[in-house]
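Pasted below: input.pdb, PDB, C-alpha atoms.
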ATOM      1  CA  MET A  27    -100.609  64.293 -60.052
ATOM      2  CA  SER A  28    -101.838  60.763 -60.590
ATOM      3  CA  ALA A  29    -105.358  59.980 -59.376
ATOM      4  CA  THR A  30    -104.203  56.489 -58.395
ATOM      5  CA  ARG A  31    -102.205  56.647 -55.194
ATOM      6  CA  TRP A  32    -100.252  53.395 -55.300
ATOM      7  CA  TRP A  33     -97.478  54.528 -52.930
ATOM      8  CA  THR A  34     -97.206  54.799 -49.130
ATOM      9  CA  GLU A  35     -94.732  56.096 -46.561
ATOM     10  CA  SER A  36     -92.857  52.810 -46.906
ATOM     11  CA  THR A  37     -92.290  53.476 -50.623
ATOM     12  CA  ILE A  38     -88.594  54.333 -51.024
ATOM     13  CA  ALA A  39     -87.465  56.839 -53.657
ATOM     14  CA  LEU A  40     -83.795  57.567 -54.373
ATOM     15  CA  VAL A  41     -82.767  60.840 -56.030
ATOM     16  CA  THR A  42     -79.219  61.406 -57.245
ATOM     17  CA  GLY A  43     -77.826  64.931 -57.079
ATOM     18  CA  GLY A  44     -80.533  65.914 -54.618
ATOM     19  CA  ASN A  45     -78.882  68.642 -52.563
ATOM     20  CA  LYS A  46     -79.758  71.593 -54.808
ATOM     21  CA  GLY A  47     -81.641  72.796 -57.855
ATOM     22  CA  ILE A  48     -84.076  70.482 -59.599
ATOM     23  CA  GLY A  49     -82.872  67.470 -57.615
ATOM     24  CA  PHE A  50     -83.676  69.161 -54.310
ATOM     25  CA  GLU A  51     -87.133  70.118 -55.546
ATOM     26  CA  ILE A  52     -87.763  66.539 -56.760
ATOM     27  CA  VAL A  53     -86.873  65.241 -53.310
ATOM     28  CA  LYS A  54     -89.152  67.811 -51.692
ATOM     29  CA  LYS A  55     -92.131  67.090 -53.939
ATOM     30  CA  LEU A  56     -91.838  63.317 -53.521
ATOM     31  CA  ALA A  57     -91.600  63.669 -49.745
ATOM     32  CA  GLN A  58     -94.610  65.988 -49.759
ATOM     33  CA  GLN A  59     -96.525  63.171 -51.452
ATOM     34  CA  GLY A  60     -95.792  60.982 -48.423
ATOM     35  CA  LEU A  61     -92.900  58.851 -49.672
ATOM     36  CA  THR A  62     -89.633  58.166 -47.888
ATOM     37  CA  VAL A  63     -86.939  59.844 -49.981
ATOM     38  CA  ILE A  64     -83.205  59.204 -50.015
ATOM     39  CA  LEU A  65     -81.420  62.435 -50.906
ATOM     40  CA  THR A  66     -77.945  61.805 -52.289
ATOM     41  CA  ALA A  67     -75.052  64.155 -52.992
ATOM     42  CA  ARG A  68     -71.283  63.951 -53.400
ATOM     43  CA  ASN A  69     -70.629  66.363 -50.557
ATOM     44  CA  ASP A  70     -71.624  65.211 -47.067
ATOM     45  CA  GLU A  71     -72.038  68.690 -45.609
ATOM     46  CA  LYS A  72     -74.204  69.978 -48.449
ATOM     47  CA  GLY A  73     -76.270  66.816 -48.521
ATOM     48  CA  LEU A  74     -76.859  66.780 -44.780
ATOM     49  CA  ASP A  75     -77.811  70.474 -44.805
ATOM     50  CA  ALA A  76     -80.315  69.910 -47.614
ATOM     51  CA  ALA A  77     -81.859  66.898 -45.875
ATOM     52  CA  ALA A  78     -82.068  68.783 -42.570
ATOM     53  CA  LYS A  79     -83.900  71.652 -44.250
ATOM     54  CA  LEU A  80     -86.558  69.263 -45.558
ATOM     55  CA  LYS A  81     -86.787  67.299 -42.316
ATOM     56  CA  SER A  82     -87.486  70.565 -40.488
ATOM     57  CA  GLN A  83     -90.617  70.800 -42.646
ATOM     58  CA  GLY A  84     -91.783  67.438 -41.352
ATOM     59  CA  LEU A  85     -90.756  65.546 -44.474
ATOM     60  CA  ASN A  86     -89.368  62.012 -44.404
ATOM     61  CA  VAL A  87     -85.963  62.562 -46.035
ATOM     62  CA  VAL A  88     -82.735  60.667 -45.374
ATOM     63  CA  PHE A  89     -79.277  61.599 -46.664
ATOM     64  CA  HIS A  90     -76.651  59.223 -48.027
ATOM     65  CA  ARG A  91     -73.486  60.146 -49.869
ATOM     66  CA  LEU A  92     -73.202  59.179 -53.535
ATOM     67  CA  ASP A  93     -70.602  59.975 -56.173
ATOM     68  CA  VAL A  94     -71.956  58.629 -59.480
ATOM     69  CA  LEU A  95     -68.404  58.481 -60.861
ATOM     70  CA  SER A  96     -67.313  56.027 -58.157
ATOM     71  CA  SER A  97     -68.354  52.366 -58.384
ATOM     72  CA  THR A  98     -67.317  51.998 -54.745
ATOM     73  CA  SER A  99     -69.595  54.845 -53.680
ATOM     74  CA  ILE A 100     -72.493  53.330 -55.639
ATOM     75  CA  SER A 101     -71.873  49.909 -54.080
ATOM     76  CA  GLN A 102     -71.785  51.394 -50.588
ATOM     77  CA  LEU A 103     -75.140  53.057 -51.218
ATOM     78  CA  ALA A 104     -76.604  49.824 -52.592
ATOM     79  CA  ASP A 105     -75.441  47.848 -49.550
ATOM     80  CA  TRP A 106     -76.901  50.466 -47.212
ATOM     81  CA  LEU A 107     -80.249  50.478 -49.033
ATOM     82  CA  LYS A 108     -80.475  46.705 -48.848
ATOM     83  CA  HIS A 109     -79.653  46.699 -45.126
ATOM     84  CA  GLN A 110     -81.827  49.680 -44.156
ATOM     85  CA  PHE A 111     -84.864  49.265 -46.406
ATOM     86  CA  ASP A 112     -84.487  45.929 -48.184
ATOM     87  CA  GLY A 113     -84.316  47.837 -51.469
ATOM     88  CA  LEU A 114     -86.118  50.736 -53.130
ATOM     89  CA  ASP A 115     -89.096  51.431 -55.378
ATOM     90  CA  ILE A 116     -88.219  54.542 -57.370
ATOM     91  CA  LEU A 117     -84.855  55.602 -58.816
ATOM     92  CA  ILE A 118     -84.530  59.110 -60.226
ATOM     93  CA  ASN A 119     -81.211  59.674 -61.988
ATOM     94  CA  ASN A 120     -80.956  63.442 -61.736
ATOM     95  CA  ALA A 121     -77.233  64.095 -61.132
ATOM     96  CA  GLY A 122     -75.587  65.709 -64.123
ATOM     97  CA  ILE A 123     -73.161  68.365 -65.328
ATOM     98  CA  ILE A 124     -72.775  70.596 -68.365
ATOM     99  CA  ASP A 125     -69.612  71.595 -70.216
ATOM    100  CA  TYR A 126     -68.558  75.217 -70.435
ATOM    101  CA  GLU A 127     -65.001  74.405 -71.451
ATOM    102  CA  PRO A 128     -63.937  72.886 -74.792
ATOM    103  CA  GLY A 129     -61.686  69.880 -75.192
ATOM    104  CA  LEU A 130     -61.500  66.149 -74.588
ATOM    105  CA  ALA A 131     -61.114  66.265 -70.794
ATOM    106  CA  SER A 132     -64.326  68.232 -70.388
ATOM    107  CA  ALA A 133     -66.197  66.047 -72.889
ATOM    108  CA  GLN A 134     -65.041  62.887 -71.145
ATOM    109  CA  LYS A 135     -66.201  64.126 -67.746
ATOM    110  CA  VAL A 136     -69.616  65.100 -69.076
ATOM    111  CA  LEU A 137     -70.138  61.723 -70.750
ATOM    112  CA  ASP A 138     -68.824  59.877 -67.696
ATOM    113  CA  THR A 139     -71.254  61.719 -65.438
ATOM    114  CA  ASN A 140     -74.399  62.057 -67.544
ATOM    115  CA  TYR A 141     -74.246  58.730 -69.358
ATOM    116  CA  LYS A 142     -71.842  56.265 -67.775
ATOM    117  CA  GLY A 143     -72.681  57.410 -64.243
ATOM    118  CA  VAL A 144     -76.391  56.865 -64.835
ATOM    119  CA  LYS A 145     -75.698  53.412 -66.255
ATOM    120  CA  ASP A 146     -73.515  52.444 -63.292
ATOM    121  CA  VAL A 147     -76.042  53.646 -60.723
ATOM    122  CA  THR A 148     -78.918  51.950 -62.527
ATOM    123  CA  ARG A 149     -77.026  48.665 -62.935
ATOM    124  CA  GLN A 150     -76.401  48.424 -59.207
ATOM    125  CA  MET A 151     -79.875  49.609 -58.187
ATOM    126  CA  LEU A 152     -81.936  47.442 -60.538
ATOM    127  CA  PRO A 153     -81.566  44.279 -58.398
ATOM    128  CA  LEU A 154     -82.803  46.313 -55.408
ATOM    129  CA  LEU A 155     -86.025  47.517 -57.060
ATOM    130  CA  ARG A 156     -88.748  45.812 -55.063
ATOM    131  CA  PRO A 157     -91.591  43.919 -56.744
ATOM    132  CA  SER A 158     -95.036  45.397 -56.146
ATOM    133  CA  ASP A 159     -98.464  45.818 -57.706
ATOM    134  CA  GLY A 160     -97.609  49.458 -58.407
ATOM    135  CA  GLY A 161     -94.417  48.559 -60.229
ATOM    136  CA  ALA A 162     -90.938  49.950 -59.722
ATOM    137  CA  ARG A 163     -89.911  53.162 -61.496
ATOM    138  CA  VAL A 164     -86.723  54.497 -63.089
ATOM    139  CA  VAL A 165     -86.782  58.126 -64.264
ATOM    140  CA  ASN A 166     -83.778  59.524 -66.110
ATOM    141  CA  VAL A 167     -83.624  63.325 -66.101
ATOM    142  CA  SER A 168     -82.681  64.318 -69.633
ATOM    143  CA  SER A 169     -83.106  67.338 -71.913
ATOM    144  CA  ARG A 170     -84.570  68.435 -75.227
ATOM    145  CA  LEU A 171     -80.927  68.928 -76.186
ATOM    146  CA  GLY A 172     -80.823  65.133 -76.227
ATOM    147  CA  GLN A 173     -83.392  64.765 -78.986
ATOM    148  CA  LEU A 174     -82.043  63.202 -82.181
ATOM    149  CA  LEU A 175     -82.810  66.296 -84.252
ATOM    150  CA  LYS A 176     -79.805  67.896 -82.527
ATOM    151  CA  LEU A 177     -77.545  65.708 -84.682
ATOM    152  CA  LYS A 178     -76.767  67.789 -87.771
ATOM    153  CA  ASP A 179     -75.574  64.777 -89.783
ATOM    154  CA  SER A 180     -78.256  62.090 -90.073
ATOM    155  CA  ALA A 181     -75.528  59.490 -90.568
ATOM    156  CA  LEU A 182     -74.545  59.976 -86.937
ATOM    157  CA  CYS A 183     -77.938  58.626 -85.895
ATOM    158  CA  GLY A 184     -77.126  55.281 -87.462
ATOM    159  CA  ASP A 185     -78.519  52.472 -85.357
ATOM    160  CA  ILE A 186     -79.045  54.769 -82.376
ATOM    161  CA  GLY A 187     -82.095  56.327 -84.022
ATOM    162  CA  LYS A 188     -83.905  53.016 -84.475
ATOM    163  CA  LEU A 189     -85.356  51.070 -81.570
ATOM    164  CA  GLU A 190     -85.241  47.782 -83.439
ATOM    165  CA  GLY A 191     -81.841  46.222 -82.871
ATOM    166  CA  LEU A 192     -80.717  48.987 -80.523
ATOM    167  CA  THR A 193     -78.342  47.742 -77.823
ATOM    168  CA  GLU A 194     -76.322  49.241 -75.021
ATOM    169  CA  GLU A 195     -73.170  48.320 -76.949
ATOM    170  CA  LYS A 196     -74.330  50.397 -79.917
ATOM    171  CA  VAL A 197     -74.953  53.364 -77.637
ATOM    172  CA  ASP A 198     -71.484  52.919 -76.147
ATOM    173  CA  ARG A 199     -69.960  52.928 -79.628
ATOM    174  CA  PHE A 200     -71.874  56.119 -80.445
ATOM    175  CA  VAL A 201     -70.301  57.764 -77.390
ATOM    176  CA  GLU A 202     -66.848  56.405 -78.215
ATOM    177  CA  LYS A 203     -67.082  57.752 -81.782
ATOM    178  CA  TYR A 204     -67.940  61.195 -80.471
ATOM    179  CA  LEU A 205     -65.052  61.220 -78.003
ATOM    180  CA  GLN A 206     -62.663  60.060 -80.732
ATOM    181  CA  ASP A 207     -63.852  62.869 -83.012
ATOM    182  CA  VAL A 208     -63.337  65.373 -80.187
ATOM    183  CA  LYS A 209     -59.848  63.994 -79.625
ATOM    184  CA  ASP A 210     -59.078  64.273 -83.344
ATOM    185  CA  GLY A 211     -60.541  67.779 -83.547
ATOM    186  CA  ARG A 212     -63.242  66.654 -85.984
ATOM    187  CA  ALA A 213     -66.374  66.977 -83.841
ATOM    188  CA  VAL A 214     -67.792  70.102 -85.515
ATOM    189  CA  GLU A 215     -67.106  69.044 -89.092
ATOM    190  CA  SER A 216     -68.551  65.599 -88.342
ATOM    191  CA  GLY A 217     -71.883  67.159 -87.415
ATOM    192  CA  TRP A 218     -71.887  66.639 -83.666
ATOM    193  CA  PRO A 219     -73.762  69.085 -81.417
ATOM    194  CA  TYR A 220     -71.848  72.036 -80.032
ATOM    195  CA  ARG A 221     -71.878  70.755 -76.461
ATOM    196  CA  SER A 222     -70.919  67.370 -75.040
ATOM    197  CA  TYR A 223     -73.948  67.781 -72.770
ATOM    198  CA  SER A 224     -76.219  67.292 -75.776
ATOM    199  CA  VAL A 225     -74.389  64.128 -76.855
ATOM    200  CA  SER A 226     -74.583  62.772 -73.311
ATOM    201  CA  LYS A 227     -78.363  63.234 -73.226
ATOM    202  CA  ILE A 228     -78.821  61.685 -76.687
ATOM    203  CA  ALA A 229     -76.948  58.651 -75.373
ATOM    204  CA  LEU A 230     -78.974  58.666 -72.139
ATOM    205  CA  ASN A 231     -82.246  58.722 -74.058
ATOM    206  CA  ALA A 232     -81.128  55.802 -76.205
ATOM    207  CA  TYR A 233     -80.024  53.854 -73.126
ATOM    208  CA  THR A 234     -83.440  54.501 -71.562
ATOM    209  CA  ARG A 235     -85.107  52.901 -74.579
ATOM    210  CA  VAL A 236     -82.780  49.894 -74.493
ATOM    211  CA  LEU A 237     -83.325  49.322 -70.783
ATOM    212  CA  SER A 238     -87.084  49.720 -71.080
ATOM    213  CA  GLU A 239     -87.261  47.151 -73.881
ATOM    214  CA  SER A 240     -85.286  44.674 -71.783
ATOM    215  CA  MET A 241     -87.809  45.034 -68.949
ATOM    216  CA  LYS A 242     -90.983  44.601 -70.993
ATOM    217  CA  ASN A 243     -93.241  41.544 -70.741
ATOM    218  CA  ARG A 244     -92.458  40.959 -67.089
ATOM    219  CA  ALA A 245     -95.026  39.216 -64.927
ATOM    220  CA  ASP A 246     -97.554  41.159 -62.849
ATOM    221  CA  GLY A 247     -95.908  42.444 -59.700
ATOM    222  CA  GLN A 248     -92.498  42.522 -61.422
ATOM    223  CA  HIS A 249     -93.019  45.503 -63.719
ATOM    224  CA  ILE A 250     -90.349  48.199 -63.968
ATOM    225  CA  TYR A 251     -91.350  51.361 -65.833
ATOM    226  CA  ILE A 252     -88.384  53.230 -67.282
ATOM    227  CA  ASN A 253     -88.737  56.682 -68.829
ATOM    228  CA  CYS A 254     -86.742  59.838 -69.401
ATOM    229  CA  VAL A 255     -87.944  63.377 -68.917
ATOM    230  CA  THR A 256     -86.839  66.931 -69.534
ATOM    231  CA  PRO A 257     -87.487  69.417 -66.732
ATOM    232  CA  GLY A 258     -87.252  72.251 -69.252
ATOM    233  CA  HIS A 259     -84.772  75.127 -69.320
ATOM    234  CA  CYS A 260     -84.600  75.962 -65.612
ATOM    235  CA  LYS A 261     -82.829  78.662 -63.637
ATOM    236  CA  THR A 262     -80.237  76.579 -61.783
ATOM    237  CA  ASP A 263     -76.485  76.485 -61.226
ATOM    238  CA  LEU A 264     -76.274  74.124 -64.209
ATOM    239  CA  THR A 265     -77.594  76.799 -66.568
ATOM    240  CA  ARG A 266     -75.967  79.702 -64.720
ATOM    241  CA  ASN A 267     -79.513  80.824 -63.914
ATOM    242  CA  SER A 268     -80.309  81.489 -67.572
ATOM    243  CA  GLY A 269     -83.483  79.382 -67.725
ATOM    244  CA  ILE A 270     -87.142  80.310 -68.082
ATOM    245  CA  TYR A 271     -88.516  77.977 -65.383
ATOM    246  CA  THR A 272     -87.761  77.772 -61.675
ATOM    247  CA  ALA A 273     -86.233  74.610 -60.254
ATOM    248  CA  GLU A 274     -89.547  73.943 -58.511
ATOM    249  CA  GLU A 275     -91.377  74.115 -61.840
ATOM    250  CA  GLY A 276     -88.751  71.898 -63.432
ATOM    251  CA  ALA A 277     -89.308  69.190 -60.821
ATOM    252  CA  GLU A 278     -93.004  68.836 -61.613
ATOM    253  CA  THR A 279     -92.760  66.543 -64.640
ATOM    254  CA  PRO A 280     -90.080  64.178 -63.235
ATOM    255  CA  VAL A 281     -92.202  63.661 -60.110
ATOM    256  CA  TRP A 282     -95.366  63.269 -62.165
ATOM    257  CA  VAL A 283     -93.710  60.570 -64.310
ATOM    258  CA  ALA A 284     -92.360  58.780 -61.231
ATOM    259  CA  LEU A 285     -95.835  58.563 -59.709
ATOM    260  CA  LEU A 286     -97.885  57.642 -62.784
ATOM    261  CA  PRO A 287    -100.476  54.898 -62.227
ATOM    262  CA  PRO A 288     -99.503  51.230 -62.685
ATOM    263  CA  HIS A 289     -99.474  49.817 -66.227
ATOM    264  CA  GLY A 290     -98.500  53.211 -67.584
ATOM    265  CA  PRO A 291     -95.982  54.173 -70.263
ATOM    266  CA  THR A 292     -92.414  52.953 -70.423
ATOM    267  CA  GLY A 293     -89.546  53.757 -72.756
ATOM    268  CA  GLN A 294     -90.876  57.263 -73.440
ATOM    269  CA  PHE A 295     -89.510  60.819 -73.427
ATOM    270  CA  PHE A 296     -91.657  63.265 -71.453
ATOM    271  CA  ALA A 297     -91.767  67.047 -71.556
ATOM    272  CA  GLU A 298     -94.313  69.163 -69.686
ATOM    273  CA  LYS A 299     -96.317  66.036 -68.791
ATOM    274  CA  HIS A 300     -96.697  64.771 -72.335
ATOM    275  CA  VAL A 301     -94.750  62.436 -74.623
ATOM    276  CA  GLU A 302     -92.388  63.880 -77.237
ATOM    277  CA  ASP A 303     -90.227  62.231 -79.879
ATOM    278  CA  PHE A 304     -86.717  61.151 -78.962
TER     279      PHE A 304
END
Go through the file and emit its structure as structure tokens.
Amino acid sequence: MSATRWWTESTIALVTGGNKGIGFEIVKKLAQQGLTVILTARNDEKGLDAAAKLKSQGLNVVFHRLDVLSSTSISQLADWLKHQFDGLDILINNAGIIDYEPGLASAQKVLDTNYKGVKDVTRQMLPLLRPSDGGARVVNVSSRLGQLLKLKDSALCGDIGKLEGLTEEKVDRFVEKYLQDVKDGRAVESGWPYRSYSVSKIALNAYTRVLSESMKNRADGQHIYINCVTPGHCKTDLTRNSGIYTAEEGAETPVWVALLPPHGPTGQFFAEKHVEDF
């Protein structure tokens, strides 16, 4: 963990998809560090149960419902955060799904959740990130399956593989091209990865770079550090318990990145507490 403790109990961290697996362990570890953590989940009962379990351990955890596919749900959370805490300091976009079924409907849902959902949550939370000497933090939970080497055809990288000139619109077009190829039954022959999950994380990584670039050169006290991180292949519901790490182990690097000292890295991809290539 960072040697520079810039946070306090009044530091507010929000974790999406926090009721189980890696998300739950991220919430737990942040709360154990003394932060106030907002645990979010789509299901009220599951979210409340998860928060109650952590509160029984003396941790400062609060539940609020969030469906990342619903702009209304995101807006309701944003309004509540503004009213209750006057904003937040750390956003960890952890909620995500993987596809086990082929076809356009499955691909669309994965991209909507893992890419569009993260963008929608981040867009509405960015104005609530509070200025501070420590700087606000956005951590996007990604995967090594989102590294560009997973694209079998280098032409698919196009502009998405180059930071210079990269825009959110270009990332959107990358996603749209993939979905069109899935619809037309040309995804495999076009060189796309086997799973939509991989495409969604490639897009998420690119979006992280775009957002980070847009936040650079801000004045002292206004810094926002934006990074993405892989927790590794963890034994969770997402992987059908086929991983090599526990969820607790998988939460270590996301929490470490979220709590790095001020004036640290931004726009990077972290794995096992070190930077890797996108």
Which residues, written as an MDAnalysis selection string, have at least one atom at most 12 Å from Lys81 in chain A, with all atoms listed in the file counted and residues fewer than 3 positions away on the same chain left out?
-> chainID A and resid 53:54 57:58 62:65 74:78 84:89
Go ahead and find all residues with at least one atom no further than 12 Å from (-84.2, 46.9, -48.0) in the file's coordinates, using all atoms listed in the file; report them as number ranges by chain.
-> A: 36-39, 103-115, 151, 153-157
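Among the candidates A:Ala229, A:Leu237, A:Ala297, A:Ala213, the one nearest to Pro128 in chain A when counting only C-alpha atoms is A:Ala213.
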Could you list the residues chosen by the PyMOL selection byres ((chain A and resi 286) around 9) in this structure as an MDAnalysis selection string?
-> chainID A and resid 27:32 281:285 287:291
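Straight-line separation from CA of Ser168 in chain A to CA of Ser96 in chain A: 20.9 Å.
Taking all atoms listed in the file into account, Ile124 in chain A lies nearest to A:Ser226 out of the set A:Thr34, A:Ser97, A:Ser226, A:Ser82.
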Rank A:Leu152, A:Val147, A:Leu189, A:Leu137 by their smallest atom-to-atom distance to Gln102 in chain A, using only C-alpha atoms, and report the top residue only.
-> A:Val147
Write out as number ranges by chain each polymer residue whose atoms come within 9 Å of Tyr204 in chain A, counting all atoms listed in the file; drop sequence neighbours fewer than 3 positions from it.
-> A: 199-201, 207-209, 213, 218, 222, 225
Go ahead and save the picked residues with C-alpha atoms, as a tab-separated table (two decimals), keeping the file's coordinate frame.
chain	number	residue	atom	x	y	z
A	199	ARG	CA	-69.96	52.93	-79.63
A	200	PHE	CA	-71.87	56.12	-80.44
A	201	VAL	CA	-70.30	57.76	-77.39
A	207	ASP	CA	-63.85	62.87	-83.01
A	208	VAL	CA	-63.34	65.37	-80.19
A	209	LYS	CA	-59.85	63.99	-79.62
A	213	ALA	CA	-66.37	66.98	-83.84
A	218	TRP	CA	-71.89	66.64	-83.67
A	222	SER	CA	-70.92	67.37	-75.04
A	225	VAL	CA	-74.39	64.13	-76.86
Residues matched by the PyMOL selection byres ((chain A and resi 296) around 8) as an mmCIF file with C-alpha atoms, in the coordinates of the input:
data_model
loop_
_atom_site.group_PDB
_atom_site.id
_atom_site.type_symbol
_atom_site.label_atom_id
_atom_site.label_comp_id
_atom_site.auth_asym_id
_atom_site.auth_seq_id
_atom_site.Cartn_x
_atom_site.Cartn_y
_atom_site.Cartn_z
ATOM 1 C CA ASN A 253 -88.737 56.682 -68.829
ATOM 2 C CA CYS A 254 -86.742 59.838 -69.401
ATOM 3 C CA VAL A 255 -87.944 63.377 -68.917
ATOM 4 C CA THR A 256 -86.839 66.931 -69.534
ATOM 5 C CA THR A 279 -92.760 66.543 -64.640
ATOM 6 C CA VAL A 283 -93.710 60.570 -64.310
ATOM 7 C CA GLN A 294 -90.876 57.263 -73.440
ATOM 8 C CA PHE A 295 -89.510 60.819 -73.427
ATOM 9 C CA ALA A 297 -91.767 67.047 -71.556
ATOM 10 C CA GLU A 298 -94.313 69.163 -69.686
ATOM 11 C CA LYS A 299 -96.317 66.036 -68.791
ATOM 12 C CA HIS A 300 -96.697 64.771 -72.335
ATOM 13 C CA VAL A 301 -94.750 62.436 -74.623
ATOM 14 C CA GLU A 302 -92.388 63.880 -77.237
#
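Minimum atom-to-atom distance to Thr262 in chain A, evaluated using all atoms listed in the file, belongs to A:Gly276 out of A:Arg149, A:Gly276, A:Gly160, A:Ser132.
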Point-to-point distance in Å for CA of Val94 in chain A and CA of Lys196 in chain A | 22.2 Å
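CA of Ile48 in chain A to CA of Ala133 in chain A spans 22.7 Å [interatomic distance, one decimal].
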Contact residues around Lys242 in chain A with all atoms listed in the file at 12 Å, ignoring same-chain residues under 2 positions, as a list in words = Gly161, Arg235, Val236, Leu237, Ser238, Glu239, Ser240, Arg244, Ala245, Asp246, Gln248, His249, Ile250, Tyr251, Ile252, His289, Gly290, Pro291, Thr292 and Gly293 of chain A
Excluding same-chain residues fewer than 2 positions from Ile116 in chain A, what lies within 6 Å of it counting all atoms listed in the file, as a ChimeraX atom specification?
-> /A:39,162-164
